[in-house]
Amino acid sequence: MKKLLTIVAIAAAVVAVPMALAQNAGQGQPTPQQGEQADKAQAEADAKAKRRAAATAEMKAKGGQAPQKEEEEEARKKR
């Protein structure tokens, strides 16, 4: 059951990232230097999202609650 929840969480993250990228695809071309920085930042964000999804799935599988403090902090940072 844990493995199934972990796989589902990772699959959801894998599906969500390309969808977000597709939504932002038509918003102009960055300069090459900005593109490299954006690629690096996107890669870090993707890795963080995958780790977070896996950790959340694992906690839910164990019967715990998802870490809401981190999610609230990220929402505040985005505003």
# chains A, B, ... in the order shown; residues from 1 in each chain; ligands from 1

call {"tool": "residues_around", "arguments": {"residues": "Ala61 in chain A", "least_positions_apart": "5", "cutoff": "9 Å", "atoms": "only C-alpha atoms", "output": "ChimeraX atom specification"}}
result
/A:1-3,5-6,56

call {"tool": "atom_distance", "arguments": {"atom1": "CA of Ala47 in chain A", "atom2": "CA of Ala22 in chain A"}}
result
18.1 Å

call {"tool": "closest_residue", "arguments": {"among": "A:Ala54, A:Leu21, A:Ala49, A:Met59", "to": "Ala9 in chain A", "atoms": "only C-alpha atoms"}}
result
A:Ala54
